[in-house]
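Q: Contents of final06.pdb (PDB, C-alpha atoms, pLDDT in the B column):
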ATOM      1  CA  MET A  22     119.536  64.163 144.132  1.00 43.00           C
ATOM      2  CA  ALA A  23     122.081  66.130 142.062  1.00 45.00           C
ATOM      3  CA  GLU A  24     122.131  65.638 138.312  1.00 50.00           C
ATOM      4  CA  HIS A  25     125.369  64.138 136.967  1.00 59.00           C
ATOM      5  CA  ASN A  26     127.000  66.340 134.363  1.00 63.00           C
ATOM      6  CA  PRO A  27     129.758  64.485 132.521  1.00 65.00           C
ATOM      7  CA  THR A  28     133.064  66.280 132.268  1.00 70.00           C
ATOM      8  CA  ALA A  29     135.367  66.260 129.279  1.00 68.00           C
ATOM      9  CA  ASN A  30     137.421  63.555 131.026  1.00 72.00           C
ATOM     10  CA  ASP A  31     134.288  61.439 131.544  1.00 73.00           C
ATOM     11  CA  LEU A  32     133.429  61.787 127.865  1.00 72.00           C
ATOM     12  CA  LYS A  33     137.025  60.929 126.936  1.00 73.00           C
ATOM     13  CA  LYS A  34     136.942  57.821 129.138  1.00 77.00           C
ATOM     14  CA  ASP A  35     133.581  56.776 127.684  1.00 75.00           C
ATOM     15  CA  ALA A  36     134.895  57.256 124.152  1.00 75.00           C
ATOM     16  CA  ALA A  37     138.005  55.226 124.983  1.00 74.00           C
ATOM     17  CA  ALA A  38     135.857  52.450 126.448  1.00 77.00           C
ATOM     18  CA  ALA A  39     133.636  52.451 123.365  1.00 76.00           C
ATOM     19  CA  GLY A  40     136.732  52.327 121.174  1.00 73.00           C
ATOM     20  CA  GLN A  41     138.070  49.355 123.113  1.00 77.00           C
ATOM     21  CA  GLN A  42     134.703  47.601 122.808  1.00 79.00           C
ATOM     22  CA  ALA A  43     134.625  48.272 119.070  1.00 74.00           C
ATOM     23  CA  LYS A  44     138.181  46.929 118.810  1.00 74.00           C
ATOM     24  CA  ARG A  45     137.158  43.748 120.658  1.00 79.00           C
ATOM     25  CA  ASP A  46     134.087  43.408 118.418  1.00 77.00           C
ATOM     26  CA  LEU A  47     136.187  43.878 115.285  1.00 74.00           C
ATOM     27  CA  ASN A  48     138.729  41.321 116.497  1.00 74.00           C
ATOM     28  CA  GLU A  49     135.924  38.871 117.220  1.00 78.00           C
ATOM     29  CA  GLY A  50     134.402  39.473 113.789  1.00 74.00           C
ATOM     30  CA  ALA A  51     137.789  39.058 112.111  1.00 72.00           C
ATOM     31  CA  ARG A  52     138.374  35.836 114.070  1.00 76.00           C
ATOM     32  CA  LYS A  53     135.009  34.452 112.921  1.00 77.00           C
ATOM     33  CA  ILE A  54     135.696  35.391 109.311  1.00 76.00           C
ATOM     34  CA  GLY A  55     139.143  33.773 109.615  1.00 72.00           C
ATOM     35  CA  GLU A  56     137.546  30.596 110.920  1.00 77.00           C
ATOM     36  CA  ASP A  57     135.060  30.634 108.025  1.00 75.00           C
ATOM     37  CA  ILE A  58     137.906  31.038 105.549  1.00 73.00           C
ATOM     38  CA  ARG A  59     139.817  28.152 107.155  1.00 73.00           C
ATOM     39  CA  ASP A  60     136.696  25.970 106.959  1.00 75.00           C
ATOM     40  CA  THR A  61     136.311  26.869 103.295  1.00 70.00           C
ATOM     41  CA  ALA A  62     139.969  26.122 102.619  1.00 69.00           C
ATOM     42  CA  GLU A  63     139.625  22.753 104.328  1.00 71.00           C
ATOM     43  CA  LYS A  64     136.566  21.928 102.238  1.00 67.00           C
ATOM     44  CA  LEU A  65     138.471  22.953  99.112  1.00 64.00           C
ATOM     45  CA  ALA A  66     141.383  20.780 100.181  1.00 63.00           C
ATOM     46  CA  ASN A  67     138.960  17.903 100.674  1.00 62.00           C
ATOM     47  CA  ASN A  68     137.899  18.450  97.039  1.00 55.00           C
ATOM     48  CA  SER A  69     134.272  19.085  97.980  1.00 53.00           C
ATOM     49  CA  GLY A  70     133.523  20.661  94.634  1.00 61.00           C
ATOM     50  CA  ALA A  71     133.343  24.029  92.933  1.00 65.00           C
ATOM     51  CA  GLU A  72     129.621  24.484  93.584  1.00 68.00           C
ATOM     52  CA  ASN A  73     130.044  24.020  97.317  1.00 69.00           C
ATOM     53  CA  LEU A  74     132.959  26.456  97.255  1.00 68.00           C
ATOM     54  CA  LYS A  75     130.835  28.988  95.363  1.00 73.00           C
ATOM     55  CA  GLU A  76     128.029  28.689  97.941  1.00 77.00           C
ATOM     56  CA  ARG A  77     130.465  28.997 100.828  1.00 75.00           C
ATOM     57  CA  GLY A  78     132.039  32.076  99.236  1.00 77.00           C
ATOM     58  CA  ALA A  79     128.598  33.666  98.878  1.00 80.00           C
ATOM     59  CA  GLU A  80     127.878  32.883 102.544  1.00 83.00           C
ATOM     60  CA  LEU A  81     131.193  34.435 103.576  1.00 80.00           C
ATOM     61  CA  ALA A  82     130.479  37.569 101.568  1.00 80.00           C
ATOM     62  CA  GLN A  83     126.989  37.858 103.082  1.00 84.00           C
ATOM     63  CA  ASN A  84     128.376  37.345 106.605  1.00 81.00           C
ATOM     64  CA  ALA A  85     131.024  39.994 105.993  1.00 80.00           C
ATOM     65  CA  ARG A  86     128.367  42.467 104.756  1.00 80.00           C
ATOM     66  CA  GLU A  87     126.143  41.802 107.767  1.00 85.00           C
ATOM     67  CA  THR A  88     129.060  42.145 110.185  1.00 83.00           C
ATOM     68  CA  ALA A  89     130.126  45.412 108.562  1.00 80.00           C
ATOM     69  CA  GLN A  90     126.552  46.732 108.747  1.00 84.00           C
ATOM     70  CA  ASP A  91     126.402  45.816 112.458  1.00 83.00           C
ATOM     71  CA  TYR A  92     129.636  47.713 113.139  1.00 81.00           C
ATOM     72  CA  VAL A  93     128.450  50.745 111.188  1.00 81.00           C
ATOM     73  CA  HIS A  94     125.184  50.732 113.134  1.00 83.00           C
ATOM     74  CA  ARG A  95     127.023  50.463 116.469  1.00 82.00           C
ATOM     75  CA  ALA A  96     129.421  53.239 115.506  1.00 80.00           C
ATOM     76  CA  ARG A  97     126.515  55.516 114.573  1.00 82.00           C
ATOM     77  CA  GLU A  98     124.765  54.818 117.872  1.00 84.00           C
ATOM     78  CA  VAL A  99     127.881  55.467 119.942  1.00 80.00           C
ATOM     79  CA  GLY A 100     128.752  58.563 117.911  1.00 80.00           C
ATOM     80  CA  GLY A 101     125.250  59.967 118.323  1.00 82.00           C
ATOM     81  CA  GLU A 102     125.331  59.283 122.043  1.00 83.00           C
ATOM     82  CA  TYR A 103     128.665  61.066 122.500  1.00 81.00           C
ATOM     83  CA  ALA A 104     127.574  63.952 120.290  1.00 82.00           C
ATOM     84  CA  GLY A 105     124.488  64.374 122.475  1.00 83.00           C
ATOM     85  CA  ARG A 106     126.596  64.314 125.633  1.00 83.00           C
ATOM     86  CA  ALA A 107     129.060  66.820 124.193  1.00 83.00           C
ATOM     87  CA  LYS A 108     126.212  69.121 123.153  1.00 85.00           C
ATOM     88  CA  ALA A 109     124.639  68.952 126.611  1.00 86.00           C
ATOM     89  CA  GLU A 110     127.998  69.703 128.246  1.00 86.00           C
ATOM     90  CA  ALA A 111     128.590  72.633 125.879  1.00 87.00           C
ATOM     91  CA  GLU A 112     125.149  74.039 126.670  1.00 89.00           C
ATOM     92  CA  ARG A 113     125.791  73.666 130.397  1.00 89.00           C
ATOM     93  CA  LEU A 114     129.141  75.433 130.096  1.00 89.00           C
ATOM     94  CA  TYR A 115     127.567  78.193 128.003  1.00 91.00           C
ATOM     95  CA  GLU A 116     124.859  78.762 130.618  1.00 91.00           C
ATOM     96  CA  THR A 117     127.468  78.820 133.388  1.00 90.00           C
ATOM     97  CA  GLY A 118     129.514  81.343 131.400  1.00 90.00           C
ATOM     98  CA  GLN A 119     126.454  83.524 130.837  1.00 92.00           C
ATOM     99  CA  GLN A 120     125.674  83.451 134.557  1.00 93.00           C
ATOM    100  CA  LYS A 121     129.266  84.357 135.496  1.00 92.00           C
ATOM    101  CA  ALA A 122     129.333  87.189 132.954  1.00 91.00           C
ATOM    102  CA  SER A 123     126.104  88.563 134.403  1.00 92.00           C
ATOM    103  CA  GLU A 124     127.548  88.400 137.924  1.00 93.00           C
ATOM    104  CA  VAL A 125     130.728  90.204 136.838  1.00 92.00           C
ATOM    105  CA  ALA A 126     128.709  92.909 135.064  1.00 92.00           C
ATOM    106  CA  HIS A 127     126.591  93.413 138.175  1.00 92.00           C
ATOM    107  CA  TYR A 128     129.712  93.597 140.373  1.00 92.00           C
ATOM    108  CA  ALA A 129     131.366  96.120 138.015  1.00 91.00           C
ATOM    109  CA  GLU A 130     128.222  98.256 138.013  1.00 92.00           C
ATOM    110  CA  GLU A 131     128.160  98.299 141.820  1.00 92.00           C
ATOM    111  CA  ARG A 132     131.846  99.271 142.004  1.00 91.00           C
ATOM    112  CA  TYR A 133     131.289 102.016 139.417  1.00 90.00           C
ATOM    113  CA  ASP A 134     128.384 103.402 141.462  1.00 89.00           C
ATOM    114  CA  GLU A 135     130.553 103.374 144.608  1.00 90.00           C
ATOM    115  CA  VAL A 136     133.416 105.194 142.875  1.00 87.00           C
ATOM    116  CA  SER A 137     131.006 107.737 141.360  1.00 88.00           C
ATOM    117  CA  GLU A 138     129.497 108.418 144.772  1.00 89.00           C
ATOM    118  CA  MET A 139     132.953 108.799 146.321  1.00 87.00           C
ATOM    119  CA  VAL A 140     133.954 111.310 143.605  1.00 87.00           C
ATOM    120  CA  ARG A 141     130.742 113.288 144.211  1.00 89.00           C
ATOM    121  CA  ARG A 142     131.405 113.428 147.971  1.00 91.00           C
ATOM    122  CA  ASN A 143     135.130 114.240 147.675  1.00 89.00           C
ATOM    123  CA  PRO A 144     135.777 115.909 144.279  1.00 88.00           C
ATOM    124  CA  ALA A 145     139.060 117.543 145.323  1.00 90.00           C
ATOM    125  CA  GLN A 146     140.469 114.274 146.680  1.00 89.00           C
ATOM    126  CA  ALA A 147     139.390 112.417 143.529  1.00 87.00           C
ATOM    127  CA  LEU A 148     141.003 115.083 141.338  1.00 88.00           C
ATOM    128  CA  GLY A 149     144.233 114.827 143.364  1.00 90.00           C
ATOM    129  CA  ILE A 150     144.280 111.035 143.058  1.00 89.00           C
ATOM    130  CA  ALA A 151     143.658 111.229 139.302  1.00 89.00           C
ATOM    131  CA  ALA A 152     146.447 113.827 138.901  1.00 91.00           C
ATOM    132  CA  GLY A 153     148.850 111.665 140.928  1.00 92.00           C
ATOM    133  CA  ILE A 154     148.090 108.587 138.871  1.00 91.00           C
ATOM    134  CA  GLY A 155     148.480 110.604 135.653  1.00 91.00           C
ATOM    135  CA  PHE A 156     151.840 111.946 136.865  1.00 93.00           C
ATOM    136  CA  LEU A 157     153.103 108.409 137.692  1.00 93.00           C
ATOM    137  CA  VAL A 158     151.953 107.043 134.340  1.00 93.00           C
ATOM    138  CA  GLY A 159     153.686 109.946 132.607  1.00 92.00           C
ATOM    139  CA  LEU A 160     156.935 109.215 134.443  1.00 91.00           C
ATOM    140  CA  ILE A 161     156.772 105.528 133.589  1.00 92.00           C
ATOM    141  CA  LEU A 162     156.097 106.226 129.912  1.00 91.00           C
ATOM    142  CA  ALA A 163     158.827 108.900 129.727  1.00 90.00           C
ATOM    143  CA  ARG A 164     161.476 106.446 130.921  1.00 86.00           C
ATOM    144  CA  ARG A 165     160.832 104.090 128.031  1.00 75.00           C
TER     145      ARG A 165
END
Could you show the structure in this file as structure tokens?

A:
Amino acid sequence: MAEHNPTANDLKKDAAAAGQQAKRDLNEGARKIGEDIRDTAEKLANNSGAENLKERGAELAQNARETAQDYVHRAREVGGEYAGRAKAEAERLYETGQQKASEVAHYAEERYDEVSEMVRRNPAQALGIAAGIGFLVGLILARR
């Protein structure tokens, strides 16, 4: 079975999906905090007392801290996951580039050997070709 290597588009889609999920989570958290604030306001309106309001405010602050810590933890997890994927993709691309560079070097070496052998077998022809190319280059450069 072939190993799945995520592409940049896959990583982009995953990041977008994680962003959407974080947005939904933040909206949900904000909705809950809003509901808590409304409950507190209702209790205040019902004149339930300063002590009760103080306790409810402390609860709200604690809930907000916990929610924020949850979001920070989730963001770190998702960020670490995407960093790992990006690193793996970069390593894969580097290895592929190294392999291609090696293949090109090998190909160039073979072509060089072929040209060298041709020049050894036909030195006069090679000299004539080189002179012709030099003449054409000289004409092109002289016209500038």

Q: Pull out every residue that the PyMOL selection byres ((chain A and resi 92-108) around 8) matches in the shown coordinates and put them as a count of residues only.

A: 14

Q: Could you write out as AutoDock Vina command-line options the box around stretch 89-92 of chain A (axis-aligned, all atoms listed in the file, 6 Å on each side), with centre and edge lengths in Å to one decimal?

A:
--center_x 128.3 --center_y 46.6 --center_z 110.9 --size_x 15.7 --size_y 14.3 --size_z 16.6

Q: For a test of reading the model, state the distance in Å between atom CA of A:Ser137 and atom CA of A:Ile154, rounded to one decimal.

A: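 Distance between the two atoms: 17.3 Å.
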
Q: From the list A:Arg113, A:Gly159, A:Asp60, A:Ala82, which residue is nearest A:Thr28 when using all atoms listed in the file?

A: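 Between A:Arg113, A:Gly159, A:Asp60, A:Ala82, the residue approaching A:Thr28 most closely is A:Arg113.
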
Q: Report, in Å with one decimal, the straight-line distance from atom CA of A:Gln119 to atom CA of A:Asp31.

A: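 If I compute the distance from atom CA of A:Gln119 to atom CA of A:Asp31, I get 23.4 Å.
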